[in-house]
Each structure stands twice: as C-alpha cells, then as structure tokens.
Amino acid sequence: MKKFWLKFVKVKKDQIGNENRPVLKIHPSRLEIIVEILSLCGLLLMILYIFKFYSFLPDEIPTHFSLTGQADKWGPKSTIFWFPAVAIFFYLFFMVLSRIPHLFNYLVPITPTNALKQYRLIRRTMSLLK
C-alpha cells in the first residue's frame with residue numbers, strides 16, 4: 001500500500017540537520033476534512049454566540065478565578081473577544097504546522113518508505129488539536 005501512494009506523490013528532498021527527509025504532498029483524509037469542518041463550525045459558533053449575547057453581558061466580567069472558583073480579577077466586557085482571537089490564532093497555527101510534517105521531530109528515522117505513514121499520523125494529531 002505504501003508503494004502505491006508513493007507513485008502518486010511528488011517527492012523532493014529537504015535537508016534537515018544531517019538527515020534527508022522526503023517532502024510529500026499529502027492529500028487530506030476524510031477524518032482530516034471532517035475535523036476541519038467541525039473546527040471551523042466551532043469557531044463560527046463561538047463568534048456568533050459572543051456577538052449574540054454581547055449586549056446582555058454586564059459592563060465588567062470576571063477575567064480570572066481563584067482555586068476556590070471565586071472571581072478575583074475583573075475587566076471590561078470587551079475582553080470576551082480574546083477567546084475567539086486566541087482560538088483563531090491556534091487554529092491557524094496548527095493548520096500551518098500540519099502542512100509541514102517533514103520539519104517535525106520523530107522517534108523513528110524518516111525514510112521514503114515510512115514517511116507517508118509518519119506524516120499522516122502527525123497531520124491527524126495536528127487536526128485533532130484544532
């Protein structure tokens with residue numbers, strides 16, 4: 001199965017340290033596509049939810065809680081927009097990382113025969129972190 005996919009994948013060499021790792025163009029799997037759609041829907045729902053209920057928020061909202069669950073820091077209600085901003089940042093960060101799997105550190109040496117499996121594994125992990 002591995003050799004079958006390598007016929008359809010363009011392989012270039014990339015110099016990383018002392019290793020030559022193949023750079024593969026890997027098409028997303030169904031799982032990656034589903035997770036991508038769910039991630040985008042989650043981001044969109046978060047943004048819509050905040051805009052829908054923003055007018056109902058008090059002028060000051062808790063921004064930090066103690067270990068006992070009591071609010072110990074307060075801020076303006078506009079700080080609620082930090083949540084989607086941070087979520088979008090991490091979404092884009094993991095999206096970029098998942099497109100360069102040949103630059104990651106692996107526990108096993110990457111060869112042309114195991115590169116596809118290892119790169120797919122790391123891309124799936126990056127997709128699930130979104």
# chains A, B, ... in the order shown; residues from 1 in each chain; ligands from 1
>>> residues_around(residues="A:Ser98", least_positions_apart="6", cutoff="9 Å", atoms="only C-alpha atoms", output="compact mmCIF listing (two decimals) with all heavy atoms, in the first residue's frame")
# COMPACT_ATOMS: atom_id res chain seq x y z
N TYR A 119 3.98 11.04 8.42
CA TYR A 119 3.44 12.38 8.12
C TYR A 119 1.93 12.40 8.31
O TYR A 119 1.39 13.37 8.81
CB TYR A 119 3.79 12.80 6.70
CG TYR A 119 5.27 13.05 6.45
CD1 TYR A 119 5.72 13.32 5.18
CD2 TYR A 119 6.20 13.01 7.48
CE1 TYR A 119 7.06 13.57 4.93
CE2 TYR A 119 7.54 13.23 7.24
CZ TYR A 119 7.96 13.52 5.96
OH TYR A 119 9.29 13.75 5.73
N ILE A 122 1.15 12.54 12.09
CA ILE A 122 1.35 13.85 12.70
C ILE A 122 0.30 14.85 12.20
O ILE A 122 -0.17 15.71 12.95
CB ILE A 122 2.80 14.38 12.50
CG1 ILE A 122 3.13 15.47 13.51
CG2 ILE A 122 3.00 14.94 11.11
CD1 ILE A 122 3.31 14.96 14.90
N ARG A 123 -0.11 14.72 10.95
CA ARG A 123 -1.17 15.61 10.44
C ARG A 123 -2.49 15.32 11.14
O ARG A 123 -3.23 16.25 11.46
CB ARG A 123 -1.33 15.43 8.93
CG ARG A 123 -0.27 16.17 8.15
CD ARG A 123 -0.46 15.99 6.70
NE ARG A 123 -1.83 16.28 6.30
CZ ARG A 123 -2.15 16.84 5.17
NH1 ARG A 123 -1.23 17.17 4.30
NH2 ARG A 123 -3.42 17.06 4.85
N ARG A 124 -2.78 14.07 11.39
CA ARG A 124 -4.00 13.71 12.10
C ARG A 124 -3.95 14.28 13.52
O ARG A 124 -4.95 14.80 14.02
CB ARG A 124 -4.18 12.20 12.13
CG ARG A 124 -5.49 11.76 12.73
CD ARG A 124 -5.70 10.27 12.66
NE ARG A 124 -5.60 9.80 11.29
CZ ARG A 124 -4.89 8.74 10.91
NH1 ARG A 124 -4.25 8.03 11.79
NH2 ARG A 124 -4.85 8.37 9.64
N THR A 125 -2.81 14.18 14.16
CA THR A 125 -2.67 14.74 15.50
C THR A 125 -2.87 16.24 15.49
O THR A 125 -3.58 16.78 16.34
CB THR A 125 -1.27 14.40 16.06
OG1 THR A 125 -1.08 12.99 16.03
CG2 THR A 125 -1.11 14.92 17.46
N MET A 126 -2.29 16.94 14.54
CA MET A 126 -2.47 18.39 14.44
C MET A 126 -3.93 18.74 14.17
O MET A 126 -4.45 19.71 14.71
CB MET A 126 -1.60 18.97 13.33
CG MET A 126 -0.12 18.95 13.61
SD MET A 126 0.35 20.04 14.93
CE MET A 126 0.84 18.89 16.16
N SER A 127 -4.60 17.95 13.36
CA SER A 127 -6.02 18.20 13.07
C SER A 127 -6.86 18.06 14.33
O SER A 127 -7.77 18.85 14.58
CB SER A 127 -6.54 17.24 12.02
OG SER A 127 -5.95 17.50 10.77
>>> select_by_dssp(residues="chain A", states="alpha helix (DSSP H)", output="PyMOL selection string")
chain A and resi 2-8+30-53+82-98+115-129
>>> atom_distance(atom1="atom CA of A:Ala115", atom2="atom CA of A:Tyr91")
24.6 Å
>>> select_by_dssp(residues="chain A", states="strand (DSSP E)", output="list in words")
Val11, Lys12, Lys13, Asp14, Gln15, Ile16, Glu19, Asn20, Arg21, Pro22, Val23, Leu24, Glu60, Ile61, Pro62, Thr63, His64, Phe65, Ala71, Asp72, Lys73, Trp74, Gly75 and Pro76 of chain A
>>> residues_around(residues="A:Gly75", least_positions_apart="4", cutoff="8 Å", atoms="only C-alpha atoms", output="list in words")
Glu60, Ile61, Pro62, Thr63 and Thr79 of chain A
>>> closest_residue(among="A:Trp82, A:Gln118, A:Ile33, A:Lys77", to="A:Tyr106", atoms="only C-alpha atoms")
A:Gln118
>>> closest_residue(among="A:Leu97, A:Ile88, A:Val108, A:Leu103", to="A:Cys41", atoms="only C-alpha atoms")
A:Ile88
>>> closest_residue(among="A:Leu57, A:Ile26, A:Ser66, A:Ser39", to="A:Lys117", atoms="only C-alpha atoms")
A:Ile26
>>> atom_distance(atom1="atom CA of A:Ile110", atom2="atom CA of A:Pro22")
7.9 Å
>>> residues_around(residues="A:Arg120", least_positions_apart="5", cutoff="12 Å", atoms="only C-alpha atoms", output="NGL selection string")
:A and (2 or 24-32 or 98-102 or 114-115 or 125-127)
>>> atom_distance(atom1="atom CA of A:Phe94", atom2="atom CA of A:Lys130")
6.5 Å
>>> closest_residue(among="A:Leu116, A:Val23, A:Leu67, A:Ala87", to="A:Leu129", atoms="only C-alpha atoms")
A:Ala87
